[in-house]
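Chemist: The structure file query_27.txt (compact mmCIF, C-alpha atoms) is provided below.
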```
# COMPACT_ATOMS: atom_id res chain seq x y z
CA MET A 1 -13.16 -1.33 18.24
CA SER A 2 -14.13 2.04 16.82
CA LEU A 3 -11.66 3.53 14.39
CA THR A 4 -11.52 6.73 12.34
CA ILE A 5 -9.99 7.14 8.90
CA SER A 6 -9.48 10.42 7.06
CA ILE A 7 -10.13 10.31 3.32
CA ASP A 8 -8.53 12.65 0.79
CA ALA A 9 -11.84 13.00 -1.02
CA MET A 10 -10.46 15.18 -3.83
CA GLY A 11 -7.38 13.11 -4.69
CA GLY A 12 -6.85 10.76 -7.62
CA ASP A 13 -7.97 10.78 -11.23
CA HIS A 14 -11.66 10.65 -10.32
CA GLY A 15 -11.92 12.44 -6.97
CA PRO A 16 -15.35 12.41 -5.25
CA ALA A 17 -16.87 10.28 -8.04
CA VAL A 18 -14.90 7.36 -6.56
CA THR A 19 -14.04 8.35 -2.97
CA ILE A 20 -17.63 9.11 -1.94
CA PRO A 21 -19.36 5.88 -3.04
CA ALA A 22 -16.41 3.81 -1.82
CA SER A 23 -16.57 5.52 1.58
CA LEU A 24 -20.32 5.01 1.88
CA ASP A 25 -20.01 1.32 1.03
CA CYS A 26 -17.38 0.91 3.74
CA LEU A 27 -19.57 2.67 6.30
CA LYS A 28 -22.45 0.40 5.37
CA ASN A 29 -20.38 -2.75 5.84
CA ASN A 30 -18.55 -1.76 9.05
CA PRO A 31 -20.60 -0.29 11.94
CA ASN A 32 -17.41 0.47 13.90
CA LEU A 33 -15.92 2.65 11.17
CA LYS A 34 -15.92 6.43 11.22
CA LEU A 35 -14.80 8.48 8.21
CA ILE A 36 -13.73 12.09 7.80
CA LEU A 37 -13.95 13.16 4.15
CA VAL A 38 -11.58 16.04 3.43
CA GLY A 39 -12.21 18.41 0.54
CA ASN A 40 -14.44 21.14 -0.82
CA GLU A 41 -17.10 21.39 1.89
CA ALA A 42 -19.89 22.75 -0.30
CA LEU A 43 -19.38 20.07 -2.95
CA LEU A 44 -19.13 17.25 -0.43
CA LYS A 45 -22.18 18.41 1.54
CA GLU A 46 -24.22 18.52 -1.65
CA GLN A 47 -23.28 14.97 -2.60
CA LEU A 48 -23.50 13.59 0.93
CA ALA A 49 -26.71 15.30 2.06
CA GLN A 50 -28.67 12.11 2.85
CA ALA A 51 -25.62 10.14 3.98
CA LEU A 52 -24.75 12.78 6.60
CA ILE A 53 -28.15 12.16 8.17
CA LEU A 54 -27.98 8.37 7.85
CA TYR A 55 -24.45 8.20 9.29
CA GLN A 56 -24.61 11.32 11.47
CA ASP A 57 -22.36 9.83 14.14
CA ARG A 58 -19.88 8.21 11.74
CA LEU A 59 -19.49 10.48 8.71
CA PHE A 60 -17.91 13.92 8.88
CA ILE A 61 -16.62 16.58 6.48
CA GLN A 62 -13.43 18.59 6.93
CA HIS A 63 -13.09 21.55 4.60
CA ALA A 64 -9.95 22.01 2.48
CA SER A 65 -9.72 24.86 -0.01
CA GLN A 66 -7.01 23.33 -2.21
CA CYS A 67 -6.34 20.15 -4.14
CA VAL A 68 -2.98 18.68 -5.21
CA GLY A 69 -2.78 17.91 -8.93
CA MET A 70 -1.72 14.47 -10.09
CA ASP A 71 1.27 15.90 -11.98
CA GLU A 72 2.16 18.56 -9.44
CA SER A 73 5.72 18.84 -8.15
CA PRO A 74 6.01 17.35 -4.62
CA SER A 75 8.10 20.31 -3.45
CA LYS A 76 5.59 22.84 -4.79
CA ALA A 77 2.68 20.91 -3.30
CA LEU A 78 4.41 20.86 0.07
CA LYS A 79 5.19 24.58 -0.08
CA ASN A 80 2.09 26.01 -1.77
CA LYS A 81 -0.73 23.60 -0.90
CA LYS A 82 -0.87 23.84 2.89
CA ASP A 83 -4.68 23.73 2.83
CA SER A 84 -5.00 20.87 0.38
CA SER A 85 -7.29 17.92 1.01
CA MET A 86 -4.20 15.70 1.02
CA ARG A 87 -2.36 17.66 3.68
CA ILE A 88 -5.37 18.20 5.93
CA ALA A 89 -6.16 14.47 5.79
CA ILE A 90 -2.61 13.70 6.95
CA GLU A 91 -2.70 16.39 9.65
CA LEU A 92 -5.82 14.75 11.09
CA VAL A 93 -3.66 11.66 11.72
CA ARG A 94 -0.91 13.76 13.29
CA ASP A 95 -3.40 15.50 15.57
CA GLY A 96 -4.96 12.24 16.71
CA ARG A 97 -8.35 12.89 15.12
CA ALA A 98 -7.88 10.03 12.66
CA ASP A 99 -6.13 6.68 13.03
CA ALA A 100 -5.10 6.52 9.37
CA CYS A 101 -5.30 8.44 6.11
CA VAL A 102 -6.18 7.12 2.64
CA SER A 103 -5.42 9.05 -0.54
CA ALA A 104 -5.36 8.32 -4.27
CA GLY A 105 -3.46 11.51 -4.91
CA ASN A 106 -0.03 12.27 -6.37
CA THR A 107 2.37 9.68 -4.89
CA GLY A 108 5.39 11.99 -4.65
CA ALA A 109 3.39 14.80 -3.06
CA LEU A 110 1.72 12.39 -0.65
CA MET A 111 5.04 10.93 0.45
CA ALA A 112 6.70 14.33 0.83
CA THR A 113 3.77 15.76 2.76
CA ALA A 114 3.36 12.70 4.98
CA ARG A 115 7.04 12.68 5.84
CA PHE A 116 7.02 16.40 6.65
CA VAL A 117 3.85 16.30 8.73
CA LEU A 118 4.19 12.96 10.53
CA LYS A 119 7.99 12.65 10.79
CA MET A 120 9.95 9.39 10.84
CA ILE A 121 10.02 6.58 13.36
CA PRO A 122 13.30 6.82 15.33
CA GLY A 123 15.90 4.55 13.79
CA ILE A 124 14.38 4.61 10.30
CA GLU A 125 16.16 6.79 7.76
CA ARG A 126 13.73 6.58 4.84
CA PRO A 127 10.09 5.62 4.35
CA ALA A 128 9.24 2.73 2.03
CA ILE A 129 6.14 1.72 0.10
CA ILE A 130 4.81 -1.81 0.64
CA SER A 131 1.96 -3.59 -1.10
CA THR A 132 0.91 -7.10 -2.12
CA MET A 133 1.12 -8.96 -5.42
CA PRO A 134 -0.81 -12.10 -6.38
CA SER A 135 1.19 -15.32 -6.40
CA ILE A 136 0.58 -19.04 -6.73
CA PHE A 137 0.81 -19.21 -2.95
CA GLY A 138 -1.85 -16.53 -2.49
CA HIS A 139 0.00 -13.24 -2.42
CA THR A 140 3.41 -11.81 -1.62
CA HIS A 141 4.29 -8.54 0.13
CA VAL A 142 6.88 -6.42 -1.67
CA LEU A 143 8.80 -3.26 -0.75
CA ASP A 144 10.09 -0.73 -1.71
CA LEU A 145 7.77 0.04 -4.63
CA GLY A 146 9.09 3.44 -5.61
CA ALA A 147 9.80 5.71 -2.66
CA ASN A 148 13.59 5.33 -2.85
CA VAL A 149 15.40 4.97 -6.16
CA ASP A 150 18.87 4.71 -4.61
CA CYS A 151 19.26 2.66 -1.43
CA THR A 152 22.13 1.63 0.78
CA ALA A 153 22.41 -1.79 2.38
CA GLU A 154 21.26 -0.24 5.65
CA HIS A 155 18.12 1.11 3.99
CA LEU A 156 17.29 -2.34 2.59
CA PHE A 157 17.84 -3.86 6.01
CA GLN A 158 15.49 -1.34 7.62
CA PHE A 159 12.88 -2.04 4.94
CA ALA A 160 13.10 -5.74 5.77
CA VAL A 161 12.61 -5.10 9.47
CA MET A 162 9.53 -2.94 8.88
CA GLY A 163 8.06 -5.15 6.18
CA SER A 164 8.51 -8.30 8.21
CA GLU A 165 6.58 -6.81 11.10
CA VAL A 166 3.76 -5.70 8.81
CA VAL A 167 3.43 -9.19 7.33
CA LYS A 168 3.57 -10.70 10.81
CA ALA A 169 0.75 -8.41 11.94
CA VAL A 170 -1.67 -8.47 9.01
CA GLU A 171 -1.14 -12.10 7.95
CA ASN A 172 -0.76 -13.60 11.44
CA ILE A 173 2.50 -15.26 10.40
CA GLU A 174 4.79 -15.77 13.37
CA SER A 175 8.05 -15.74 11.37
CA PRO A 176 7.60 -14.32 7.84
CA ARG A 177 9.99 -15.65 5.20
CA VAL A 178 12.04 -12.72 3.90
CA GLY A 179 13.82 -12.75 0.53
CA LEU A 180 16.13 -10.20 -1.05
CA LEU A 181 15.37 -9.57 -4.74
CA ASN A 182 18.41 -10.24 -6.90
CA ILE A 183 19.43 -11.29 -10.42
CA GLY A 184 20.19 -14.79 -9.15
CA GLU A 185 20.10 -16.95 -6.04
CA GLU A 186 23.86 -17.54 -5.98
CA GLU A 187 25.88 -15.64 -3.35
CA VAL A 188 28.30 -14.24 -5.95
CA LYS A 189 25.54 -12.43 -7.87
CA GLY A 190 24.17 -8.94 -7.29
CA ASN A 191 25.54 -5.45 -6.76
CA GLU A 192 27.49 -4.38 -3.69
CA GLN A 193 24.44 -2.91 -1.93
CA VAL A 194 22.49 -6.15 -2.22
CA LYS A 195 25.46 -8.25 -1.07
CA ALA A 196 26.01 -6.00 1.94
CA ALA A 197 22.29 -6.05 2.77
CA ALA A 198 22.35 -9.85 2.65
CA LYS A 199 25.09 -9.92 5.29
CA LEU A 200 23.06 -7.65 7.56
CA LEU A 201 19.99 -9.83 7.15
CA GLU A 202 21.91 -13.06 7.73
CA SER A 203 23.06 -11.80 11.14
CA SER A 204 19.61 -10.49 12.12
CA PRO A 205 16.76 -12.27 13.95
CA LEU A 206 14.58 -12.05 10.82
CA ASN A 207 13.67 -15.26 8.99
CA TYR A 208 15.89 -14.43 6.03
CA ILE A 209 15.88 -17.16 3.36
CA GLY A 210 18.39 -15.60 0.96
CA TYR A 211 18.27 -14.16 -2.55
CA VAL A 212 15.16 -14.62 -4.68
CA GLU A 213 14.72 -13.92 -8.37
CA GLY A 214 11.96 -12.01 -10.09
CA ASN A 215 9.81 -15.09 -10.65
CA SER A 216 9.36 -15.38 -6.87
CA LEU A 217 7.15 -12.29 -6.99
CA ASN A 218 4.34 -14.39 -8.46
CA ALA A 219 5.58 -17.97 -8.71
CA GLY A 220 8.95 -19.43 -7.81
CA THR A 221 9.57 -22.77 -6.15
CA ILE A 222 9.17 -21.74 -2.50
CA LYS A 223 6.79 -19.43 -0.66
CA VAL A 224 8.21 -16.01 0.19
CA ASP A 225 6.13 -13.78 2.48
CA LEU A 226 8.17 -10.60 1.97
CA ILE A 227 10.46 -9.57 -0.88
CA VAL A 228 12.80 -6.62 -0.36
CA ALA A 229 14.19 -4.41 -3.13
CA ASP A 230 15.15 -0.81 -3.72
CA GLY A 231 12.44 1.47 -5.07
CA PHE A 232 13.74 1.49 -8.63
CA VAL A 233 13.73 -2.28 -9.01
CA GLY A 234 10.54 -2.72 -7.02
CA ASN A 235 8.57 -0.21 -9.05
CA VAL A 236 9.77 -1.63 -12.38
CA ALA A 237 8.75 -5.11 -11.21
CA LEU A 238 5.32 -3.88 -10.13
CA LYS A 239 4.59 -2.08 -13.40
CA SER A 240 5.86 -5.05 -15.42
CA ILE A 241 3.50 -7.40 -13.61
CA GLU A 242 0.58 -4.99 -14.06
CA GLY A 243 1.34 -4.80 -17.79
CA ALA A 244 1.63 -8.58 -18.12
CA ALA A 245 -1.72 -9.08 -16.36
CA LYS A 246 -3.40 -6.57 -18.67
CA MET A 247 -1.86 -8.21 -21.74
CA ILE A 248 -3.05 -11.67 -20.66
CA GLY A 249 -6.57 -10.40 -20.04
CA THR A 250 -6.77 -8.58 -23.37
CA THR A 251 -5.30 -11.53 -25.31
CA LEU A 252 -7.76 -13.99 -23.79
CA LYS A 253 -10.70 -11.69 -24.47
CA ASP A 254 -9.69 -11.22 -28.12
CA ALA A 255 -9.12 -14.97 -28.56
CA PHE A 256 -12.55 -15.95 -27.26
CA ASN A 257 -14.31 -13.23 -29.28
CA LYS A 258 -12.70 -14.30 -32.54
CA ASN A 259 -15.68 -16.27 -33.93
CA VAL A 260 -18.80 -18.21 -32.94
CA LEU A 261 -16.87 -21.35 -31.99
CA THR A 262 -14.42 -19.50 -29.77
CA LYS A 263 -17.33 -17.66 -28.10
CA LEU A 264 -18.97 -21.01 -27.33
CA ALA A 265 -15.68 -22.26 -25.96
CA GLY A 266 -15.50 -19.15 -23.84
CA LEU A 267 -18.91 -19.93 -22.33
CA LEU A 268 -17.75 -23.41 -21.39
CA VAL A 269 -14.66 -22.18 -19.56
CA TYR A 270 -16.29 -19.03 -18.17
CA PRO A 271 -16.17 -20.20 -14.51
CA VAL A 272 -12.44 -20.87 -14.85
CA LEU A 273 -11.81 -17.52 -16.52
CA LYS A 274 -13.84 -15.71 -13.87
CA ALA A 275 -11.82 -17.31 -11.08
CA PHE A 276 -8.59 -16.45 -12.88
CA LYS A 277 -9.68 -12.84 -13.34
CA GLN A 278 -10.52 -12.49 -9.66
CA LYS A 279 -7.16 -14.00 -8.73
CA ILE A 280 -5.15 -11.39 -10.65
CA ASP A 281 -7.62 -8.47 -10.36
CA PRO A 282 -5.41 -5.50 -9.38
CA ARG A 283 -8.36 -3.88 -7.60
CA MET A 284 -8.15 -6.60 -4.96
CA TYR A 285 -4.53 -5.62 -4.24
CA ASN A 286 -5.00 -1.86 -4.27
CA GLY A 287 -3.52 0.10 -1.41
CA ALA A 288 0.12 0.57 -0.46
CA SER A 289 1.35 1.49 3.02
CA PHE A 290 3.98 4.15 3.65
CA LEU A 291 6.21 2.48 6.24
CA GLY A 292 8.61 4.33 8.53
CA LEU A 293 6.30 7.22 9.39
CA ARG A 294 4.86 7.95 12.82
CA GLY A 295 1.37 7.73 11.40
CA LEU A 296 -0.49 5.43 9.04
CA VAL A 297 -0.87 6.57 5.41
CA ILE A 298 -2.31 4.36 2.67
CA LYS A 299 -1.77 5.21 -1.00
CA SER A 300 -4.46 4.12 -3.42
CA HIS A 301 -3.79 3.86 -7.15
CA GLY A 302 -4.61 7.18 -8.79
CA GLY A 303 -6.94 5.58 -11.31
CA ALA A 304 -8.71 3.39 -8.75
CA ASP A 305 -12.40 2.71 -9.20
CA VAL A 306 -14.88 2.30 -6.33
CA VAL A 307 -13.99 -1.35 -5.71
CA ALA A 308 -10.26 -0.61 -5.65
CA PHE A 309 -10.61 2.39 -3.34
CA LYS A 310 -12.69 0.30 -0.94
CA THR A 311 -9.81 -2.18 -0.85
CA ALA A 312 -7.44 0.62 0.19
CA ILE A 313 -9.78 1.74 2.98
CA HIS A 314 -10.08 -1.85 4.14
CA LEU A 315 -6.29 -2.14 4.27
CA ALA A 316 -6.18 0.97 6.47
CA GLN A 317 -8.74 -0.62 8.81
CA ILE A 318 -6.68 -3.80 9.12
CA GLU A 319 -3.43 -1.97 9.84
CA VAL A 320 -5.10 0.21 12.47
CA GLU A 321 -6.67 -2.81 14.16
CA LYS A 322 -3.31 -4.62 14.14
CA ASN A 323 -1.46 -1.61 15.64
CA VAL A 324 1.06 -1.71 12.80
CA ILE A 325 2.77 1.61 13.63
CA ARG A 326 3.34 0.66 17.28
CA ARG A 327 4.55 -2.80 16.34
CA ILE A 328 7.01 -1.45 13.76
CA SER A 329 8.35 1.10 16.25
CA GLU A 330 8.91 -1.54 18.91
CA ARG A 331 10.48 -3.99 16.45
CA VAL A 332 12.81 -1.37 15.01
CA GLU A 333 13.93 -0.29 18.46
CA THR A 334 14.54 -3.89 19.55
CA ILE A 335 16.49 -5.03 16.50
CA LEU A 336 18.46 -1.88 15.73
CA THR A 337 19.34 -1.13 19.34
CA LYS A 338 20.48 -4.70 19.94
CA ARG A 339 22.54 -4.69 16.76
CA ASP A 340 24.17 -1.33 17.48
CA ASN A 341 25.13 -2.45 20.99
CA THR A 342 26.91 -5.60 19.80
```
Translate this file's structure into structure tokens.
Modeler:
Amino acid sequence: MSLTISIDAMGGDHGPAVTIPASLDCLKNNPNLKLILVGNEALLKEQLAQALILYQDRLFIQHASQCVGMDESPSKALKNKKDSSMRIAIELVRDGRADACVSAGNTGALMATARFVLKMIPGIERPAIISTMPSIFGHTHVLDLGANVDCTAEHLFQFAVMGSEVVKAVENIESPRVGLLNIGEEEVKGNEQVKAAAKLLESSPLNYIGYVEGNSLNAGTIKVDLIVADGFVGNVALKSIEGAAKMIGTTLKDAFNKNVLTKLAGLLVYPVLKAFKQKIDPRMYNGASFLGLRGLVIKSHGGADVVAFKTAIHLAQIEVEKNVIRRISERVETILTKRDNT
């Protein structure tokens, strides 16, 4: 199946230095993929001169005269950057010229622009950000990771419905196990929003397994396919895990470089360390989906390198192939309509 993805070529900390080589690698590895790189046409043409000939039927440039800064106000970007690479890339999805958009740009601006341009799926009040985290069971999907600081029980319920359908689609899991992130597994614990959300989930057709604690994000005693939280808690958890992974990597490196004996020990356990590094490598988990929109938008980490940005593009490919937007829309309509009519 042929699919087309628009790339915000100017977004992120590194811009074309990362987006171009990552895009070319993806084209090389997937003959069914078409890419539209959005940004400064003259600059992109100069850097893509040979590639435009090699991939003449699969690589295209869409000019955009503006670029959204990484620290730019979302409201100002939405109002003053109507010809930005970010906005044009999203508009290509709205207009049906692209099946998905990938950007490493300013998260707030990307969310605000995507919501304005693409609009919301009927029945969903707020978009949510979902991504994966490594765990002892492989990986766990988590949302919301920062789109919504304050959430009602209804918002959390809607996140669970959307997230469950995404996991079902991309992981081929018939009935994903859904947990609600809380400060304890006991029913009496948690704030009023979480308790109310739990009641909604208990009476829903989702495979809700109850409250889960923070350790379930990476370990825990049972496998959880999807963990639901508000954006404040979810984002803090994500950044804490990223920091812990970096600390572990740095500590191990310093320990094995301490002297000749530790360096020799490091050589002996190198295969184990390499496997461990690959397991927790954040580049392999790069790419977060904006759920609840009428079009597919994937957010890459702003500081992503080529490998990480390729992961985000690959995620977009998977979600297009699995018809994630259509499946979410149908699932939301089925569950929410049935609930509201009872």
Chemist: As an exercise, work out the distance from CA of Asn29 in chain A to CA of Ala42 in chain A in Å and give it to one decimal place.
Modeler: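 Interatomic distance here is 26.2 Å.
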Chemist: Which is closer to Leu268 in chain A than all the others in A:Ala89, A:Lys45, A:Phe256, A:Ser6, using all atoms listed in the file?
Modeler: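 For Leu268 in chain A, the nearest of the candidates is A:Phe256.
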Chemist: Which residue is closest to Ser289 in chain A? Choose from A:Ile183, A:Leu156, A:Ala265, A:Ala114 and count only C-alpha atoms.
Modeler: A:Ala114
Chemist: Ranking A:Val161, A:Ile61, A:Val224, A:Ile313 by minimum distance to Lys299 in chain A and counting only C-alpha atoms, which one comes first?
Modeler: A:Ile313
Chemist: Can you tell me how far CA of Asp305 in chain A sits from CA of Val18 in chain A, in Å to one decimal?
Modeler: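 Separation of CA of Asp305 in chain A and CA of Val18 in chain A: 5.9 Å.
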Chemist: What's the separation between CA of Lys119 in chain A and CA of Ala77 in chain A, in Å to one decimal place?
Modeler: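 Between CA of Lys119 in chain A and CA of Ala77 in chain A the gap works out to 17.2 Å.
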